[in-house]
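The structure file data_7.pdb is reproduced below (PDB, C-alpha atoms).
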ATOM      1  CA  MET H 388     116.915  95.376 103.430
ATOM      2  CA  PHE H 389     116.953  99.176 103.830
ATOM      3  CA  ASP H 390     119.443  99.582 106.706
ATOM      4  CA  ASN H 391     122.583  99.678 104.568
ATOM      5  CA  TYR H 392     121.105 102.389 102.337
ATOM      6  CA  CYS H 393     120.028 104.651 105.192
ATOM      7  CA  GLU H 394     121.570 107.398 107.263
ATOM      8  CA  HIS H 395     121.315 106.616 110.982
ATOM      9  CA  LEU H 396     120.867 109.307 113.624
ATOM     10  CA  LEU H 397     122.029 108.207 117.068
ATOM     11  CA  VAL H 398     121.800 109.835 120.475
ATOM     12  CA  ARG H 399     124.342 108.584 123.017
ATOM     13  CA  ASP H 400     124.498 109.027 126.759
ATOM     14  CA  GLN H 401     127.557 111.275 127.238
ATOM     15  CA  VAL H 402     128.714 109.333 130.289
ATOM     16  CA  THR H 403     128.128 105.695 129.327
ATOM     17  CA  LYS H 404     128.346 106.197 125.516
ATOM     18  CA  GLU H 405     125.325 103.857 125.269
ATOM     19  CA  VAL H 406     123.029 104.505 122.299
ATOM     20  CA  VAL H 407     119.740 105.703 123.817
ATOM     21  CA  GLY H 408     117.891 106.975 120.746
ATOM     22  CA  THR H 409     117.814 106.207 117.025
ATOM     23  CA  TYR H 410     116.238 107.247 113.739
ATOM     24  CA  ARG H 411     116.727 105.669 110.333
ATOM     25  CA  LEU H 412     116.569 108.084 107.383
ATOM     26  CA  LEU H 413     116.180 107.067 103.748
ATOM     27  CA  THR H 414     116.972 109.947 101.395
ATOM     28  CA  PRO H 415     115.486 110.322  97.900
ATOM     29  CA  ALA H 416     118.796 109.329  96.271
ATOM     30  CA  GLN H 417     119.138 106.208  98.386
ATOM     31  CA  ALA H 418     115.467 105.290  97.880
ATOM     32  CA  ARG H 419     116.164 105.306  94.129
ATOM     33  CA  ARG H 420     119.192 103.050  94.685
ATOM     34  CA  VAL H 421     117.284 100.477  96.764
ATOM     35  CA  GLY H 422     114.228 100.749  94.494
ATOM     36  CA  SER H 423     111.603 101.944  96.991
ATOM     37  CA  THR H 424     110.971 103.064 100.529
ATOM     38  CA  TYR H 425     109.735 100.858 103.358
ATOM     39  CA  SER H 426     106.437 102.759 103.185
ATOM     40  CA  ASP H 427     106.053 101.683  99.538
ATOM     41  CA  ILE H 428     105.877  98.067 100.744
ATOM     42  CA  GLU H 429     102.914  98.837 103.009
ATOM     43  CA  PHE H 430     101.142 101.550 100.984
ATOM     44  CA  ASP H 431     100.488 102.657  97.426
ATOM     45  CA  LEU H 432     102.260 106.037  97.467
ATOM     46  CA  THR H 433     101.345 107.051  93.905
ATOM     47  CA  ARG H 434      99.872 110.365  95.040
ATOM     48  CA  LEU H 435     103.184 111.356  96.673
ATOM     49  CA  ARG H 436     105.242 111.047  93.477
ATOM     50  CA  GLY H 437     105.473 114.835  93.097
ATOM     51  CA  LEU H 438     107.061 115.111  96.568
ATOM     52  CA  ARG H 439     109.648 112.325  96.265
ATOM     53  CA  GLU H 440     112.628 114.451  95.189
ATOM     54  CA  ARG H 441     112.556 116.307  98.525
ATOM     55  CA  MET H 442     111.081 113.555 100.714
ATOM     56  CA  VAL H 443     112.959 111.569 103.359
ATOM     57  CA  GLU H 444     111.520 108.466 104.982
ATOM     58  CA  LEU H 445     111.813 108.174 108.765
ATOM     59  CA  GLY H 446     111.944 104.758 110.360
ATOM     60  CA  ARG H 447     113.222 102.714 113.292
ATOM     61  CA  SER H 448     112.515 105.490 115.752
ATOM     62  CA  CYS H 449     113.450 104.185 119.164
ATOM     63  CA  VAL H 450     114.200 105.689 122.573
ATOM     64  CA  HIS H 451     115.576 103.565 125.417
ATOM     65  CA  ARG H 452     112.887 103.060 128.084
ATOM     66  CA  ASP H 453     115.037 104.736 130.777
ATOM     67  CA  TYR H 454     115.380 107.917 128.677
ATOM     68  CA  ARG H 455     111.792 108.606 127.647
ATOM     69  CA  HIS H 456     111.545 111.975 129.361
ATOM     70  CA  GLY H 457     111.602 114.133 126.244
ATOM     71  CA  GLY H 458     115.249 115.160 126.007
ATOM     72  CA  VAL H 459     116.310 112.326 123.706
ATOM     73  CA  ILE H 460     113.433 112.776 121.252
ATOM     74  CA  MET H 461     114.085 116.538 121.190
ATOM     75  CA  ALA H 462     117.760 115.837 120.392
ATOM     76  CA  LEU H 463     116.716 113.460 117.601
ATOM     77  CA  TRP H 464     114.230 115.969 116.178
ATOM     78  CA  GLY H 465     116.829 118.752 116.352
ATOM     79  CA  ALA H 466     119.342 116.625 114.435
ATOM     80  CA  LEU H 467     116.609 115.641 111.975
ATOM     81  CA  ALA H 468     115.760 119.310 111.331
ATOM     82  CA  GLU H 469     119.453 120.069 110.662
ATOM     83  CA  PHE H 470     119.652 117.080 108.307
ATOM     84  CA  MET H 471     116.579 118.235 106.375
ATOM     85  CA  VAL H 472     117.866 121.798 105.952
ATOM     86  CA  ARG H 473     121.417 120.715 105.069
ATOM     87  CA  ASN H 474     120.127 118.343 102.381
ATOM     88  CA  LYS H 475     117.424 120.708 101.058
ATOM     89  CA  LEU H 476     114.618 118.286 101.925
ATOM     90  CA  ASP H 477     111.191 119.485 103.051
ATOM     91  CA  THR H 478     108.946 116.436 103.510
ATOM     92  CA  MET H 479     109.138 113.483 105.913
ATOM     93  CA  ILE H 480     107.039 110.339 105.662
ATOM     94  CA  GLY H 481     106.911 107.142 107.626
ATOM     95  CA  CYS H 482     104.806 104.392 109.128
ATOM     96  CA  ALA H 483     103.771 105.088 112.722
ATOM     97  CA  SER H 484     103.078 101.803 114.484
ATOM     98  CA  ILE H 485     100.255 101.005 116.899
ATOM     99  CA  PRO H 486     100.629  97.661 118.731
ATOM    100  CA  MET H 487      97.863  95.134 118.111
ATOM    101  CA  LEU H 488      98.197  93.799 121.671
ATOM    102  CA  HIS H 489      96.084  95.708 124.198
ATOM    103  CA  ASN H 490      95.657  94.639 127.845
ATOM    104  CA  GLY H 491      96.999  91.212 126.923
ATOM    105  CA  ILE H 492      94.477  90.738 124.114
ATOM    106  CA  VAL H 493      95.395  90.706 120.433
ATOM    107  CA  SER H 494      93.005  93.187 118.882
ATOM    108  CA  GLY H 495      92.960  95.913 116.275
ATOM    109  CA  ASP H 496      90.244  97.846 118.125
ATOM    110  CA  VAL H 497      92.706 100.354 119.591
ATOM    111  CA  ALA H 498      94.296 101.046 116.204
ATOM    112  CA  ALA H 499      90.866 101.337 114.555
ATOM    113  CA  SER H 500      89.741 103.789 117.250
ATOM    114  CA  ILE H 501      92.888 105.902 116.920
ATOM    115  CA  TRP H 502      92.393 105.974 113.138
ATOM    116  CA  GLN H 503      88.796 107.203 113.606
ATOM    117  CA  GLN H 504      89.975 109.995 115.926
ATOM    118  CA  LEU H 505      92.825 111.122 113.685
ATOM    119  CA  LYS H 506      90.790 110.852 110.500
ATOM    120  CA  ALA H 507      88.445 113.473 111.957
ATOM    121  CA  SER H 508      91.183 115.842 113.119
ATOM    122  CA  HIS H 509      94.491 115.264 111.293
ATOM    123  CA  LEU H 510      93.772 113.825 107.840
ATOM    124  CA  ALA H 511      95.913 115.152 104.986
ATOM    125  CA  PRO H 512      94.304 116.720 101.911
ATOM    126  CA  ILE H 513      92.954 114.159  99.442
ATOM    127  CA  GLU H 514      95.769 114.785  96.952
ATOM    128  CA  HIS H 515      98.157 113.165  99.451
ATOM    129  CA  HIS H 516      96.017 110.178 100.464
ATOM    130  CA  VAL H 517      97.655 106.759 100.198
ATOM    131  CA  HIS H 518      96.133 103.282 100.306
ATOM    132  CA  PRO H 519      97.261 100.296 102.399
ATOM    133  CA  ARG H 520      98.332  97.195 100.506
ATOM    134  CA  LEU H 521      97.142  94.993 103.405
ATOM    135  CA  PRO H 522      94.458  97.088 105.120
ATOM    136  CA  LEU H 523      93.584  96.708 108.758
ATOM    137  CA  PRO H 524      89.880  95.679 108.562
ATOM    138  CA  VAL H 525      88.649  98.746 110.474
ATOM    139  CA  ASP H 526      85.050  98.230 109.354
ATOM    140  CA  ARG H 527      84.984  94.936 111.314
ATOM    141  CA  LEU H 528      86.566  96.385 114.467
ATOM    142  CA  ASP H 529      85.311  98.456 117.397
ATOM    143  CA  CYS H 530      86.283 102.032 116.479
ATOM    144  CA  SER H 531      84.599 103.644 119.479
ATOM    145  CA  LEU H 532      87.245 103.189 122.193
ATOM    146  CA  THR H 533      88.502 106.297 123.958
ATOM    147  CA  VAL H 534      92.259 105.798 123.697
ATOM    148  CA  ASP H 535      95.248 108.064 123.266
ATOM    149  CA  PRO H 536      97.593 107.587 120.325
ATOM    150  CA  PRO H 537     101.119 106.377 121.186
ATOM    151  CA  ALA H 538     103.432 109.135 122.441
ATOM    152  CA  LEU H 539     105.444 109.297 119.202
ATOM    153  CA  ILE H 540     102.311 109.821 117.105
ATOM    154  CA  LYS H 541     101.146 112.553 119.503
ATOM    155  CA  GLY H 542     104.543 114.186 119.148
ATOM    156  CA  TYR H 543     104.347 114.112 115.353
ATOM    157  CA  LEU H 544     100.862 115.640 115.463
ATOM    158  CA  ARG H 545     102.137 118.488 117.672
ATOM    159  CA  LEU H 546     104.747 119.138 114.963
ATOM    160  CA  GLY H 547     102.033 119.494 112.318
ATOM    161  CA  ALA H 548     102.083 115.966 110.879
ATOM    162  CA  LYS H 549      99.101 114.628 108.949
ATOM    163  CA  VAL H 550      97.739 111.104 108.561
ATOM    164  CA  LEU H 551      97.734 110.059 104.895
ATOM    165  CA  GLY H 552      95.098 107.332 105.077
ATOM    166  CA  ALA H 553      93.806 104.218 106.780
ATOM    167  CA  PRO H 554      96.204 101.896 108.629
ATOM    168  CA  ALA H 555      97.916  98.891 107.117
ATOM    169  CA  TRP H 556      98.387  95.678 109.054
ATOM    170  CA  ASP H 557     102.003  94.599 109.417
ATOM    171  CA  PRO H 558     101.866  90.870 110.212
ATOM    172  CA  ASP H 559     105.650  90.635 110.748
ATOM    173  CA  PHE H 560     105.506  92.982 113.751
ATOM    174  CA  ASN H 561     101.771  92.526 114.470
ATOM    175  CA  THR H 562     101.163  96.258 114.373
ATOM    176  CA  ALA H 563      98.767  98.596 112.636
ATOM    177  CA  ASP H 564     100.828 101.152 110.738
ATOM    178  CA  LEU H 565      99.502 104.623 110.058
ATOM    179  CA  PRO H 566     101.007 106.454 107.084
ATOM    180  CA  MET H 567     102.115 109.899 108.224
ATOM    181  CA  MET H 568     103.666 112.938 106.597
ATOM    182  CA  MET H 569     105.297 115.981 108.122
ATOM    183  CA  ARG H 570     106.319 118.981 106.027
ATOM    184  CA  ILE H 571     108.736 121.707 107.126
ATOM    185  CA  HIS H 572     106.336 124.509 106.169
ATOM    186  CA  ASP H 573     103.635 122.937 108.398
ATOM    187  CA  LEU H 574     105.778 123.187 111.548
ATOM    188  CA  PRO H 575     104.043 125.411 114.123
ATOM    189  CA  PRO H 576     105.963 128.698 114.661
ATOM    190  CA  ARG H 577     107.376 127.776 118.088
ATOM    191  CA  TYR H 578     108.850 124.506 116.772
ATOM    192  CA  ARG H 579     110.118 126.220 113.620
ATOM    193  CA  LYS H 580     111.971 128.705 115.839
ATOM    194  CA  HIS H 581     113.238 125.983 118.200
ATOM    195  CA  PHE H 582     114.484 123.536 115.550
ATOM    196  CA  LEU H 583     115.247 125.805 112.585
ATOM    197  CA  GLY H 584     115.941 129.164 114.230
ATOM    198  CA  MET H 585     113.392 130.917 111.995
TER     199      MET H 585
END
With the file now loaded, output its structure as C-alpha cells.
Amino acid sequence: MFDNYCEHLLVRDQVTKEVVGTYRLLTPAQARRVGSTYSDIEFDLTRLRGLRERMVELGRSCVHRDYRHGGVIMALWGALAEFMVRNKLDTMIGCASIPMLHNGIVSGDVAASIWQQLKASHLAPIEHHVHPRLPLPVDRLDCSLTVDPPALIKGYLRLGAKVLGAPAWDPDFNTADLPMMMRIHDLPPRYRKHFLGM
C-alpha cells in the first residue's frame, strides 16, 4: 500500500542494466498523504512525533545475492545521504528484519538473542523508545545464543543507528522486526566525510 507513495532508489549494473539494489523511501509529506508509515503499523511511534517533519522511512532494502560485496550498499547509502541533504531531512527510521527460520527450525531465539545484545549496546534514549503492536514474546524465548545480527543491521550500527525498542513479530513475512533510527548528526566522522563531504 506504500509503494506508490514512495521514492525508490535503484542501483543498476552498468553493463546488464539489471537492478541489483533497492531502497524504498517514504518522505514526511508522502507519509501524511498515505496516513502513516509502515513502521506505524508495527509500532506505536508516539514518542517520535517531534521528529516526523524531518524523518524519512527506509524500507525494502535489497541487494542481489551476486552483488553483496559492499559496493552496492555503499552506492545506495551515498544516494540516500544525497537525498536526505537535498530534502533537508535528518532522521531515518525503519524496521530491520531478522528471519524467524534458523538452521531449518522456526524459532524466535535468534531474534531474541540479537535484541538482548543490542539492547545492552545500541539502545536509543528513552525519549525515542517505541512499542511493538504485536511483540515478539522474548521473555519466553532463549535470549542467550551467541549470534551476529544480519549484515544490514550491523551496517546500520556502524553508521550510528540506534534500536528504538523490542522487536515486533511480522506474521506476514515470519520475521522479527527491530525498530531502528539513524540520525545524520550521529554519523561517525569518517562516514560523514565519505557520504556528506563534511
Considering all atoms listed in the file, tabulate each residue of range 485-584 of chain H that lies at most 6 Å from range 425-441 of chain H along with its nearest interatomic pair and the corresponding distance in Å to one decimal; arrange the rows by chain and ascending residue number and present them as JSON lines.
{"residue": "H:His515", "atom": "CA", "partner": "H:Arg434", "partner_atom": "CA", "distance": 5.5}
{"residue": "H:Val517", "atom": "CA", "partner": "H:Leu432", "partner_atom": "CA", "distance": 5.4}
{"residue": "H:His518", "atom": "CA", "partner": "H:Asp431", "partner_atom": "CA", "distance": 5.3}
{"residue": "H:Pro519", "atom": "CA", "partner": "H:Phe430", "partner_atom": "CA", "distance": 4.3}
{"residue": "H:Arg520", "atom": "CA", "partner": "H:Phe430", "partner_atom": "CA", "distance": 5.2}
- Item | Val497 in chain H environment, 10 Å, all atoms listed in the file, sequence neighbours closer than 4 positions dropped, as a VMD selection string | chain H and resid 485 to 489 501 to 503 528 to 536 563
- Smallest atom-to-atom distance to Leu476 in chain H: which of H:Met569, H:Leu544, H:Met388, H:Ala538, using only C-alpha atoms? H:Met569
- Distance criterion (only C-alpha atoms): nearest to Glu394 in chain H out of H:Arg527, H:Arg419, H:His456, H:Arg447: H:Arg447
- Message: Give me the residues near range 403-410 of chain H as a ChimeraX atom specification, where near means some atom within 9 Å (using only C-alpha atoms) and where sequence neighbours in that chain fewer than 4 positions away do not count.
- Response: /H:394-399,445-454,459-460,462-463,467
- Within 7 Å of Asp477 in chain H, counting all atoms listed in the file, which residues qualify if same-chain residues fewer than 3 places away don't, as JSON, numbers by chain? {"H": [441, 442, 471, 570, 571]}
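When CA of Gly422 in chain H is paired with CA of His572 in chain H, their separation reads 27.6 Å.
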- Item | Atomic distance CA of Asp557 in chain H - CA of Arg420 in chain H, expressed in Å with one decimal | 24.2 Å
- Which of H:Arg455, H:Ala466, H:Leu521, H:His509 sits closest to Arg411 in chain H [using only C-alpha atoms]: H:Ala466
6 Å contact set for Gly481 in chain H, all atoms listed in the file, chain neighbours under 6 positions out, as a compact mmCIF listing (two decimals) with C-alpha atoms, keeping the file's coordinate frame:
# COMPACT_ATOMS: atom_id res chain seq x y z
CA GLU H 444 111.52 108.47 104.98
CA LEU H 445 111.81 108.17 108.76
CA PRO H 566 101.01 106.45 107.08
CA MET H 567 102.12 109.90 108.22
- What does the distance between CA of Ser500 in chain H and CA of His516 in chain H come to in Å, to one decimal place?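 Going from CA of Ser500 in chain H over to CA of His516 in chain H, I get 19.0 Å.
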- On this file, the PyMOL selection byres ((chain H and resi 564) around 6) gives some set of residues; write that set as a VMD selection string. chain H and resid 482 to 484 554 to 555 563 565
Would you compute the box with edges along x, y and z of the file around range 440-447 of chain H, including every atom the file lists for it and 5 Å extra on each side, and give its centre and edge lengths in Å to one decimal, as JSON?
{"center_x": 112.2, "center_y": 109.5, "center_z": 104.2, "size_x": 12.1, "size_y": 23.6, "size_z": 28.1}
- Do you know which residues the PyMOL selection byres ((chain H and resi 547) around 8) returns on this file, as a PyMOL selection string? chain H and resi 543-546+548-549+569-570+573-575
Only C-alpha atoms needed: put range 514-575 of chain H from the block into a file as a short mmCIF file (atom, residue, chain, number, x, y, z; two decimals), in the first residue's frame.
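After the write, part-v9.cif holds the following:
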data_model
loop_
_atom_site.label_atom_id
_atom_site.label_comp_id
_atom_site.auth_asym_id
_atom_site.auth_seq_id
_atom_site.Cartn_x
_atom_site.Cartn_y
_atom_site.Cartn_z
CA GLU H 514 12.51 9.60 24.84
CA HIS H 515 12.72 7.77 21.50
CA HIS H 516 11.56 4.32 22.64
CA VAL H 517 8.69 2.77 20.68
CA HIS H 518 6.47 -0.20 21.50
CA PRO H 519 5.59 -3.15 19.24
CA ARG H 520 1.92 -3.65 18.44
CA LEU H 521 2.47 -7.43 18.16
CA PRO H 522 5.52 -8.08 20.35
CA LEU H 523 7.85 -10.99 19.80
CA PRO H 524 7.49 -12.90 23.12
CA VAL H 525 11.17 -12.50 24.06
CA ASP H 526 10.54 -13.44 27.69
CA ARG H 527 9.51 -16.95 26.54
CA LEU H 528 12.48 -17.41 24.18
CA ASP H 529 16.14 -18.35 24.62
CA CYS H 530 17.95 -14.99 24.62
CA SER H 531 21.39 -16.43 25.35
CA LEU H 532 22.54 -17.52 21.88
CA THR H 533 25.80 -16.09 20.58
CA VAL H 534 24.74 -14.89 17.14
CA ASP H 535 25.65 -12.00 14.89
CA PRO H 536 22.98 -9.58 13.71
CA PRO H 537 22.20 -9.67 9.96
CA ALA H 538 24.72 -7.77 7.82
CA LEU H 539 22.35 -4.85 7.14
CA ILE H 540 21.74 -4.29 10.86
CA LYS H 541 25.50 -4.41 11.51
CA GLY H 542 25.96 -1.84 8.76
CA TYR H 543 23.35 0.47 10.28
CA LEU H 544 25.01 0.17 13.69
CA ARG H 545 28.38 1.14 12.18
CA LEU H 546 26.64 4.26 10.85
CA GLY H 547 25.48 5.21 14.34
CA ALA H 548 21.96 3.77 14.25
CA LYS H 549 20.10 3.02 17.48
CA VAL H 550 17.49 0.39 18.31
CA LEU H 551 14.24 2.03 19.46
CA GLY H 552 12.77 -0.89 21.39
CA ALA H 553 11.87 -4.56 21.49
CA PRO H 554 11.13 -6.45 18.25
CA ALA H 555 7.69 -6.89 16.74
CA TRP H 556 6.64 -10.13 15.11
CA ASP H 557 5.60 -9.78 11.48
CA PRO H 558 3.48 -12.86 10.74
CA ASP H 559 3.14 -11.99 7.02
CA PHE H 560 6.90 -12.38 6.46
CA ASN H 561 7.58 -14.50 9.57
CA THR H 562 10.28 -12.14 10.75
CA ALA H 563 11.12 -10.31 13.95
CA ASP H 564 11.38 -6.62 13.13
CA LEU H 565 13.60 -4.32 15.14
CA PRO H 566 12.68 -0.63 15.10
CA MET H 567 15.78 1.38 14.21
CA MET H 568 16.64 5.04 13.84
CA MET H 569 19.64 6.71 12.28
CA ARG H 570 20.23 10.45 12.55
CA ILE H 571 22.60 12.47 10.37
CA HIS H 572 24.30 14.11 13.36
CA ASP H 573 25.07 10.64 14.81
CA LEU H 574 27.09 9.57 11.75
CA PRO H 575 30.68 8.79 12.78
#
